[in-house]
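Coordinates from protein01.cif are shown below (mmCIF, C-alpha atoms and all ligand atoms).
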```
data_structure
#
loop_
_atom_site.label_atom_id
_atom_site.label_comp_id
_atom_site.auth_asym_id
_atom_site.auth_seq_id
_atom_site.Cartn_x
_atom_site.Cartn_y
_atom_site.Cartn_z
CA MET E 1 14.76 270.83 244.10
CA ALA E 2 18.23 271.35 242.72
CA VAL E 3 18.48 272.72 239.23
CA GLY E 4 21.31 272.48 236.72
CA GLY E 5 23.28 269.45 235.64
CA GLY E 6 22.45 269.66 231.93
CA LYS E 7 18.68 269.49 232.02
CA ARG E 8 18.46 273.25 232.07
CA ASP E 9 20.42 276.12 230.62
CA ILE E 10 22.24 278.26 233.15
CA LEU E 11 22.74 282.00 232.70
CA LEU E 12 25.16 284.17 234.63
CA CYS E 13 23.94 287.75 234.46
CA ASP E 14 26.43 290.36 235.67
CA LEU E 15 26.00 294.12 235.43
CA ASP E 16 29.11 295.84 234.10
CA ALA E 17 30.96 298.21 236.45
CA PHE E 18 27.66 298.40 238.28
CA PHE E 19 28.03 301.36 240.69
CA ALA E 20 29.91 303.39 238.06
CA SER E 21 27.32 302.54 235.39
CA VAL E 22 24.49 303.76 237.63
CA GLU E 23 26.39 307.03 238.20
CA GLN E 24 27.05 307.48 234.46
CA ARG E 25 23.37 306.82 233.77
CA ASP E 26 22.24 309.31 236.42
CA HIS E 27 24.83 311.89 235.31
CA PRO E 28 24.94 311.66 231.50
CA GLU E 29 27.77 314.21 231.38
CA LEU E 30 30.01 311.49 232.88
CA ARG E 31 29.45 309.01 230.05
CA GLY E 32 32.69 308.18 228.27
CA LYS E 33 34.73 309.53 231.18
CA PRO E 34 36.77 307.67 233.80
CA VAL E 35 34.54 307.43 236.88
CA ILE E 36 35.59 305.97 240.22
CA VAL E 37 33.09 305.27 243.00
CA GLY E 38 34.55 304.88 246.46
CA GLY E 39 36.08 306.37 249.57
CA ASP E 40 38.03 309.58 249.85
CA ALA E 41 41.75 309.51 248.90
CA SER E 42 42.76 311.52 251.98
CA ARG E 43 41.12 309.02 254.29
CA ARG E 44 42.54 305.71 253.07
CA GLY E 45 39.49 305.02 250.94
CA VAL E 46 39.35 302.19 248.45
CA VAL E 47 37.82 301.90 244.99
CA ALA E 48 34.37 300.30 245.24
CA ALA E 49 33.80 300.35 241.47
CA CYS E 50 35.22 302.04 238.38
CA SER E 51 34.02 302.62 234.85
CA TYR E 52 35.65 300.86 231.91
CA GLU E 53 37.22 304.20 230.97
CA ALA E 54 39.03 304.17 234.35
CA ARG E 55 39.96 300.49 234.00
CA ALA E 56 41.85 301.43 230.83
CA TYR E 57 44.31 303.24 233.14
CA GLY E 58 44.76 300.17 235.33
CA VAL E 59 42.30 301.20 238.05
CA ARG E 60 40.65 298.21 239.73
CA SER E 61 38.09 297.56 242.47
CA ALA E 62 39.49 297.32 246.02
CA MET E 63 42.56 299.39 245.01
CA PRO E 64 43.49 302.19 247.42
CA MET E 65 41.97 305.43 246.12
CA ARG E 66 45.34 307.17 246.35
CA GLN E 67 46.90 304.63 243.97
CA ALA E 68 43.90 304.82 241.62
CA LEU E 69 44.28 308.59 241.35
CA GLU E 70 47.99 308.26 240.62
CA LEU E 71 47.11 306.01 237.70
CA CYS E 72 44.24 308.18 236.51
CA PRO E 73 44.50 311.73 237.91
CA ARG E 74 41.60 313.08 235.86
CA ALA E 75 39.12 310.48 237.07
CA VAL E 76 35.84 311.78 238.50
CA VAL E 77 35.52 310.41 242.05
CA LEU E 78 32.03 309.96 243.45
CA PRO E 79 30.86 308.73 246.86
CA VAL E 80 29.06 305.39 247.21
CA ARG E 81 25.25 305.82 247.02
CA MET E 82 24.29 302.35 248.16
CA SER E 83 20.55 302.98 248.41
CA ARG E 84 20.53 304.08 244.76
CA TYR E 85 22.40 300.92 243.69
CA ARG E 86 20.08 298.72 245.74
CA GLU E 87 17.11 300.30 244.01
CA ALA E 88 18.63 299.59 240.58
CA SER E 89 19.52 296.06 241.70
CA ASP E 90 15.94 295.38 242.80
CA GLN E 91 14.71 296.54 239.40
CA VAL E 92 17.13 294.26 237.59
CA PHE E 93 16.17 291.28 239.76
CA SER E 94 12.50 291.93 239.09
CA ILE E 95 13.29 291.62 235.37
CA PHE E 96 14.99 288.26 236.09
CA ASP E 97 11.86 287.16 237.96
CA ARG E 98 9.77 287.64 234.81
CA PHE E 99 11.69 284.81 233.13
CA THR E 100 12.22 282.20 235.84
CA PRO E 101 11.66 281.59 239.56
CA ASP E 102 15.08 279.89 239.70
CA VAL E 103 17.37 282.81 240.48
CA GLU E 104 20.44 282.59 242.71
CA ALA E 105 21.61 286.04 243.78
CA VAL E 106 25.41 286.00 243.94
CA SER E 107 25.74 289.67 244.83
CA ILE E 108 23.99 292.98 244.37
CA ASP E 109 24.76 292.94 240.63
CA GLU E 110 25.18 289.28 239.71
CA ALA E 111 22.85 286.26 239.56
CA TYR E 112 22.60 282.76 238.14
CA LEU E 113 19.33 281.90 236.40
CA ALA E 114 18.10 278.48 235.29
CA VAL E 115 15.76 278.23 232.28
CA SER E 116 14.53 275.39 230.07
CA ALA E 117 17.29 273.68 228.09
CA GLY E 118 17.61 275.26 224.66
CA ARG E 119 16.14 278.61 225.78
CA GLY E 120 19.28 280.09 227.32
CA VAL E 121 20.58 282.31 224.52
CA GLU E 122 17.17 283.62 223.56
CA THR E 123 16.35 284.43 227.21
CA ALA E 124 19.71 286.15 227.63
CA GLU E 125 19.03 288.37 224.61
CA GLN E 126 15.61 289.34 225.96
CA ILE E 127 16.93 290.12 229.45
CA ARG E 128 19.80 292.22 228.12
CA ASP E 129 17.40 294.13 225.92
CA LEU E 130 14.97 294.85 228.79
CA VAL E 131 17.72 295.92 231.19
CA ARG E 132 19.06 298.28 228.53
CA ARG E 133 15.67 299.71 227.51
CA GLU E 134 14.00 299.95 230.94
CA LEU E 135 17.00 300.70 233.15
CA ASP E 136 19.63 301.98 230.71
CA LEU E 137 22.30 299.74 232.26
CA PRO E 138 24.83 297.43 230.57
CA LEU E 139 24.49 293.75 231.46
CA SER E 140 26.75 290.93 230.35
CA VAL E 141 25.41 287.37 230.20
CA GLY E 142 27.15 284.01 229.90
CA VAL E 143 25.10 280.98 228.89
CA SER E 144 25.87 277.30 229.32
CA CYS E 145 24.75 274.10 231.03
CA ASN E 146 26.52 274.70 234.35
CA LYS E 147 27.61 277.54 236.61
CA LEU E 148 31.31 277.29 235.80
CA LEU E 149 30.95 277.55 232.02
CA ALA E 150 28.29 280.27 232.34
CA LYS E 151 30.67 282.25 234.57
CA VAL E 152 33.60 281.91 232.15
CA ALA E 153 31.33 282.76 229.21
CA CYS E 154 30.23 285.91 231.02
CA ARG E 155 33.83 286.97 231.62
CA LEU E 156 34.49 286.50 227.90
CA ALA E 157 31.33 288.48 227.05
CA LYS E 158 32.31 291.57 229.04
CA PRO E 159 31.71 294.42 228.64
CA ASP E 160 28.08 294.60 227.58
CA GLY E 161 28.04 291.31 225.70
CA LEU E 162 26.43 287.89 225.41
CA ARG E 163 28.37 284.69 225.01
CA ALA E 164 27.54 280.98 225.13
CA LEU E 165 30.12 278.34 226.02
CA TRP E 166 29.13 274.68 225.67
CA PRO E 167 31.01 271.55 226.80
CA ASP E 168 32.13 270.70 223.25
CA GLN E 169 33.97 274.06 223.16
CA VAL E 170 35.97 273.45 226.32
CA ALA E 171 39.14 272.27 224.55
CA GLY E 172 38.98 274.95 221.85
CA VAL E 173 37.92 277.96 223.96
CA LEU E 174 38.63 277.25 227.63
CA TRP E 175 41.97 275.45 227.47
CA PRO E 176 44.02 278.24 225.81
CA LEU E 177 42.94 280.75 228.51
CA PRO E 178 45.14 281.65 231.52
CA VAL E 179 44.30 279.57 234.57
CA GLY E 180 43.20 282.72 236.44
CA ILE E 181 39.99 282.71 234.38
CA LEU E 182 38.67 279.88 236.58
CA PRO E 183 36.47 280.97 239.51
CA GLY E 184 38.33 280.90 242.80
CA VAL E 185 41.79 281.00 241.21
CA GLY E 186 42.98 284.40 242.40
CA PRO E 187 46.37 286.04 241.81
CA LYS E 188 48.11 284.07 244.58
CA ALA E 189 46.83 280.68 243.42
CA GLU E 190 47.67 281.59 239.85
CA GLU E 191 51.22 282.55 240.84
CA ARG E 192 51.64 279.23 242.63
CA LEU E 193 50.40 277.31 239.58
CA VAL E 194 52.57 279.28 237.16
CA ARG E 195 55.63 278.50 239.30
CA ALA E 196 54.77 274.82 238.82
CA GLY E 197 54.60 275.36 235.04
CA ILE E 198 50.80 275.45 234.89
CA ARG E 199 49.83 278.54 232.92
CA THR E 200 46.68 277.71 230.99
CA VAL E 201 43.46 275.87 231.79
CA GLY E 202 44.67 273.23 229.33
CA ASP E 203 47.78 272.73 231.51
CA VAL E 204 45.46 272.02 234.46
CA ALA E 205 43.42 269.58 232.38
CA ALA E 206 46.61 267.74 231.41
CA ALA E 207 47.94 267.65 234.99
CA SER E 208 46.98 264.93 237.45
CA PRO E 209 44.35 265.59 240.12
CA GLN E 210 47.03 264.60 242.67
CA LEU E 211 49.38 267.35 241.46
CA MET E 212 46.55 269.89 241.63
CA GLU E 213 45.74 268.84 245.19
CA SER E 214 49.38 269.10 246.20
CA LEU E 215 49.43 272.68 244.86
CA LEU E 216 46.04 274.01 246.04
CA GLY E 217 44.84 271.57 248.69
CA SER E 218 41.30 270.23 248.44
CA PHE E 219 40.38 273.14 246.14
CA GLY E 220 42.84 271.66 243.60
CA HIS E 221 40.42 268.83 242.89
CA THR E 222 37.67 271.34 242.09
CA VAL E 223 40.01 273.31 239.81
CA TYR E 224 40.85 270.08 237.97
CA GLN E 225 37.13 269.37 237.41
CA TYR E 226 36.59 272.97 236.27
CA ALA E 227 39.40 272.62 233.72
CA HIS E 228 37.38 269.83 232.13
CA GLY E 229 34.27 272.02 232.10
CA ARG E 230 32.66 269.96 234.87
CA ASP E 231 30.69 271.58 237.67
CA ASP E 232 27.76 269.95 239.46
CA ARG E 233 27.02 272.76 241.91
CA PRO E 234 23.26 273.29 241.97
CA LEU E 235 21.68 276.72 241.93
CA ALA E 236 20.86 277.82 245.46
CA THR E 237 17.69 279.75 244.82
CA ASP E 238 15.95 281.83 247.46
CA HIS E 239 12.97 279.57 247.80
CA GLN E 240 15.12 276.54 248.50
CA ALA E 241 17.88 278.09 250.54
CA ARG E 242 19.37 275.55 252.91
CA SER E 243 22.22 277.63 254.18
CA LEU E 244 23.45 281.18 254.05
CA SER E 245 27.05 282.23 254.15
CA GLU E 246 29.33 285.20 253.96
CA GLU E 247 33.04 285.22 253.41
CA MET E 248 35.80 287.77 253.22
CA THR E 249 39.13 287.46 251.43
CA PHE E 250 41.58 289.92 252.90
CA ALA E 251 43.45 292.15 250.48
CA THR E 252 46.61 291.19 252.37
CA ASP E 253 46.88 288.25 254.76
CA VAL E 254 45.85 289.25 258.27
CA GLY E 255 47.93 288.27 261.31
CA ASP E 256 45.91 290.17 263.89
CA ALA E 257 43.17 288.06 265.50
CA GLU E 258 41.32 291.24 266.52
CA GLN E 259 40.86 292.09 262.87
CA VAL E 260 39.45 288.63 262.17
CA LEU E 261 37.00 289.06 265.07
CA SER E 262 35.84 292.36 263.56
CA ALA E 263 35.27 290.61 260.24
CA LEU E 264 33.32 287.85 262.02
CA MET E 265 31.09 290.46 263.65
CA GLU E 266 30.41 292.13 260.33
CA MET E 267 29.47 288.82 258.73
CA ALA E 268 27.38 287.75 261.75
CA GLU E 269 25.38 290.97 261.43
CA GLU E 270 24.86 290.42 257.73
CA LEU E 271 23.72 286.82 258.25
CA GLY E 272 21.43 287.77 261.15
CA HIS E 273 19.87 290.44 258.96
CA ARG E 274 19.35 288.00 256.10
CA LEU E 275 17.81 285.41 258.41
CA ARG E 276 15.39 287.90 259.95
CA ALA E 277 14.47 289.35 256.55
CA ALA E 278 13.61 285.84 255.34
CA GLY E 279 11.80 284.89 258.55
CA LEU E 280 14.31 282.11 259.26
CA LYS E 281 16.30 280.82 262.21
CA ALA E 282 19.43 278.69 262.01
CA ARG E 283 20.39 275.75 264.17
CA THR E 284 23.97 275.30 262.96
CA ILE E 285 26.67 277.98 262.79
CA GLY E 286 29.97 277.39 261.05
CA ILE E 287 33.18 279.15 260.17
CA LYS E 288 35.65 278.77 257.35
CA LEU E 289 39.32 279.68 257.57
CA ARG E 290 41.83 279.72 254.76
CA PHE E 291 45.55 280.06 255.37
CA PRO E 292 48.15 281.59 253.01
CA ASP E 293 49.07 278.10 251.73
CA PHE E 294 45.38 277.64 250.74
CA ARG E 295 44.79 275.04 253.43
CA THR E 296 41.11 275.54 254.26
CA ILE E 297 39.19 274.33 257.29
CA THR E 298 35.52 274.50 258.14
CA ARG E 299 34.13 273.92 261.63
CA ALA E 300 30.54 274.09 262.84
CA THR E 301 28.49 273.87 266.02
CA THR E 302 24.85 272.89 266.29
CA LEU E 303 22.88 274.73 268.95
CA GLY E 304 20.13 273.37 271.17
CA GLN E 305 17.86 276.15 270.00
CA ALA E 306 17.73 277.83 266.57
CA THR E 307 18.70 281.48 266.42
CA GLU E 308 18.49 284.56 264.21
CA SER E 309 20.44 286.81 266.58
CA ASP E 310 23.57 288.61 265.40
CA SER E 311 25.20 288.30 268.80
CA THR E 312 24.59 284.54 269.09
CA ILE E 313 25.97 283.96 265.59
CA TYR E 314 28.95 286.13 266.47
CA ARG E 315 29.55 284.43 269.82
CA VAL E 316 29.55 280.94 268.29
CA ALA E 317 31.71 282.03 265.32
CA CYS E 318 34.20 283.57 267.78
CA GLU E 319 34.35 280.43 269.88
CA LEU E 320 34.97 278.34 266.78
CA PHE E 321 37.65 280.73 265.57
CA LEU E 322 39.46 280.89 268.91
CA ARG E 323 39.41 277.10 269.19
CA HIS E 324 40.51 276.34 265.62
CA ARG E 325 42.41 279.41 264.52
CA GLY E 326 45.78 277.63 264.05
CA HIS E 327 48.74 279.84 263.24
CA PRO E 328 48.31 283.31 261.75
CA PRO E 329 48.12 284.87 259.26
CA TRP E 330 44.75 284.18 257.70
CA ARG E 331 43.82 284.72 254.08
CA LEU E 332 40.05 284.29 254.17
CA VAL E 333 37.39 283.95 256.85
CA GLY E 334 33.77 283.02 256.44
CA VAL E 335 30.67 282.41 258.53
CA SER E 336 27.75 280.20 257.56
CA VAL E 337 24.37 279.33 259.05
CA SER E 338 22.45 276.18 258.18
CA GLY E 339 19.74 273.95 259.58
CA LEU E 340 17.29 276.71 258.67
CA GLU E 341 13.77 276.76 260.05
CA GLN E 342 10.85 279.06 259.41
CA TRP E 343 9.68 280.93 262.47
CA GLN E 344 6.89 283.27 263.52
CA GLN E 345 7.82 286.79 262.42
CA MET E 346 6.80 289.97 264.23
CA CYS E 347 8.24 290.47 267.62
CA PHE E 348 8.84 294.05 268.53
CA PRO E 349 10.17 294.84 271.96
CA GLY E 350 7.35 295.89 274.24
CA LEU E 351 4.71 294.08 272.20
CA THR E 352 5.99 290.62 272.96
CA GLY E 353 8.48 289.09 275.30
CA ALA E 354 11.32 289.91 272.91
CA SER E 355 14.67 290.44 274.58
CA SER E 356 16.54 293.70 274.37
CA GLN E 357 19.02 291.94 272.07
CA ASP E 358 16.17 291.28 269.62
CA GLY E 359 15.38 294.98 269.86
CA VAL E 360 18.95 295.94 268.98
CA ASP E 361 18.96 293.61 265.97
CA ARG E 362 15.66 294.95 264.75
CA THR E 363 16.71 298.57 265.18
CA LEU E 364 19.84 297.85 263.14
CA ASP E 365 17.70 296.15 260.49
CA ALA E 366 15.37 299.15 260.31
CA LEU E 367 18.30 301.56 259.93
CA ARG E 368 19.83 299.35 257.29
CA GLU E 369 16.57 299.23 255.32
CA ARG E 370 16.24 302.97 255.62
CA PHE E 371 19.73 303.79 254.42
CA GLY E 372 20.29 300.81 252.14
CA LYS E 373 23.45 299.73 253.94
CA PRO E 374 24.71 299.17 257.44
CA VAL E 375 25.13 302.58 259.06
CA VAL E 376 25.41 301.63 262.71
CA PHE E 377 27.81 298.99 263.94
CA ARG E 378 28.51 297.37 267.23
CA ALA E 379 31.75 298.61 268.78
CA ARG E 380 33.45 295.28 268.00
CA ARG E 381 33.76 296.37 264.38
CA LEU E 382 35.73 299.50 265.03
CA PRO E 383 39.36 298.80 264.16
CA PRO E 384 41.89 299.06 266.99
CA ALA E 385 43.18 302.61 267.49
CA GLY E 386 45.71 303.55 264.83
CA ALA E 387 44.90 300.64 262.54
CA ALA E 388 43.51 301.18 259.06
CA PRO E 389 40.42 299.16 258.23
CA GLU E 390 41.37 296.15 256.18
CA PRO E 391 40.21 296.63 252.58
CA GLY E 392 38.73 293.21 252.10
CA SER E 393 36.53 291.97 249.34
CA ARG E 394 33.37 290.62 250.71
CA ARG E 395 30.98 288.46 248.83
CA PRO E 396 27.84 286.71 249.81
CA ARG E 397 28.15 283.11 248.74
CA SER E 398 24.57 282.03 248.88
CA PRO E 399 21.22 283.57 248.12
CA SER E 400 20.59 286.90 249.69
CA ALA E 401 17.23 287.42 251.27
CA LYS E 402 16.21 289.73 248.48
MG MG E 501 29.29 293.23 237.90
#
```
Show me this structure written as structure tokens.
Amino acid sequence: MAVGGGKRDILLCDLDAFFASVEQRDHPELRGKPVIVGGDASRRGVVAACSYEARAYGVRSAMPMRQALELCPRAVVLPVRMSRYREASDQVFSIFDRFTPDVEAVSIDEAYLAVSAGRGVETAEQIRDLVRRELDLPLSVGVSCNKLLAKVACRLAKPDGLRALWPDQVAGVLWPLPVGILPGVGPKAEERLVRAGIRTVGDVAAASPQLMESLLGSFGHTVYQYAHGRDDRPLATDHQARSLSEEMTFATDVGDAEQVLSALMEMAEELGHRLRAAGLKARTIGIKLRFPDFRTITRATTLGQATESDSTIYRVACELFLRHRGHPPWRLVGVSVSGLEQWQQMCFPGLTGASSQDGVDRTLDALRERFGKPVVFRARRLPPAGAAPEPGSRRPRSPSAK
């Protein structure tokens, strides 16, 4: 059953500077100080997260560590402790579960919740209070009647705030804001719109849908709807998941097909893991490609037999990419699996007729569970000799198998 569409209140709950907040909680001497979590500056690391004190210096996520330390030389740099963050994330999600079964996990630190209409603000206050008292972490919450307005409200609430934004406030609150406040409108899209004289959300609302489509392709139509506060996307909650997807926006457009193949492998492994964790197999595998001009294509193949294998997902995604890749460079790539079916769990190599490939997948899953993040990769993911790994921002687009 889809939820949303006005009959329920929608909350977007987003932990503030999550990794950095966990570190400041665990190391109270770091409170009030600029903290950066991420890779090592001498080894081309990137910023995974930074505290608000570091943001004041211009430090941002996905920024090269070297640049971050030029902006804020006295920042405390800490390594990523993913298992610790996963533990905190699980605790936060278990608080969400006390209020509603309708939770869509957007990422490790962000989720949409649907609650009875009229209960949104009160629920948000209670959740924020519990997360603060039980976990000592700052959580911002946006409340509205759809995902878009809840998301914008949450951005306005940050840091550590609560904000509601209802449809009758769209003209007064949403329209004066820069167009980059809308989900999916990144710096490049914003630049393109500003060049066309469209600076605020109100400018989008006053433009024609045709103009928006000519500027941003099919996504332009969505942006136009967003500008009017309209969004009919349902919540994709775990118990009603119909597809799973992963996508990666490259920090800079990628012209090397090898690098795209590495990204496809990484996403295939993530999807395979999520399928197996949820006891699901997928019949249809798809890819998404976005080019620098925002033209976006999706292509999919339906298999004769459903799969949950990383290598099958990867093989099909590769075939689709090689057939439909068009002209480089690429701005974003994604992989999705749909046509999900429940299957019999439990097949360890040796105990059943499981193939050695199943065994590899399951060993990788076990290591991932143990260490809280992928620690072993297939060779495909190693970048070509001499190439730096692409600092991409990766975000799961549909419910994780939490
Ligand atoms: Mg967050």
task = With only C-alpha atoms and all ligand atoms counted, collect every polymer residue having an atom within 9 Å of ligand MG 501 (chain E); state the result as an MDAnalysis selection string.
result = chainID E and resid 13:19 107:110 139:140
Near-stretch 89-92 of chain E list (9 Å; only C-alpha atoms; drop same-chain fewer than 5 positions) as a VMD selection string = chain E and resid 84 97 108 to 109 131 135 402
remark   = Across E:Cys50, E:Gly118, E:Tyr112, E:Ser83, the smallest distance to E:Arg8, with only C-alpha atoms counted, is shown by E:Gly118
request  = Rounded to one decimal place, report the atom CA of E:Ala20-atom CA of E:Ser61 distance in Å.
outcome  =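 Answer for the atom CA of E:Ala20 to atom CA of E:Ser61 separation: 11.0 Å.
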Per-axis box centre and lengths in Å around stretch 291-308 of chain E, 8 Å margin per side, axis-aligned, as AutoDock Vina command-line options:
```
--center_x 33.4 --center_y 278.7 --center_z 261.0 --size_x 47.3 --size_y 27.7 --size_z 36.4
```
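Counting only C-alpha atoms, the residue from E:Met265, E:Ala207, E:Val260, E:Ile10 that sits nearest to E:Ala164 is E:Ile10.
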inquiry  = Taking (38.4, 300.3, 231.5) in the coordinates of the supplied file, I want to know which residues reach to within 12 Å of it, counting only C-alpha atoms; could you give the answer as a list in words?
reply    =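 With a cut-off of 12 Å, the residues come to Asp16, Ala17, Ala20, Ser21, Gly32, Lys33, Pro34, Val35, Ile36, Ala49, Cys50, Ser51, Tyr52, Glu53, Ala54, Arg55, Ala56, Tyr57, Gly58, Val59, Arg60, Ser61, Cys72, Ala75, Lys158 and Pro159 of chain E.
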inquiry  = Between E:Gly286, E:Gly120, E:Pro292, E:Pro28, which residue has the minimum interatomic distance to E:Gly255, considering all atoms listed in the file?
reply    =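 Of the candidates, the smallest distance to E:Gly255 is held by E:Pro292.
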One-decimal distance in Å that lies between atom CA of E:His273 and atom CA of E:Ala62 =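 The value is 24.5 Å.
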ask   = Counting all atoms listed in the file, which of E:Asp136, E:Asp293, E:Asp232, E:Glu269 gets nearest to E:Phe219?
value =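 Nearest candidate to E:Phe219 out of E:Asp136, E:Asp293, E:Asp232, E:Glu269: E:Asp293.
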query = For the atom pair atom CA of E:Val143 and atom CA of E:Ser208, what is the interatomic distance in Å to one decimal place?
reply =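 Distance between the two atoms: 28.5 Å.
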Cut-off 7 Å around (16.0, 278.7, 234.8) with all atoms listed in the file: residues as a VMD selection string = chain E and resid 8 to 10 100 102 113 to 116
query = Of the candidates E:Gln210, E:Thr284, E:Gln67, E:Ser218, which shows the shortest atom-to-atom distance to E:Glu341, using all atoms listed in the file?
reply =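 Closest to E:Glu341, using all atoms listed in the file: E:Thr284.
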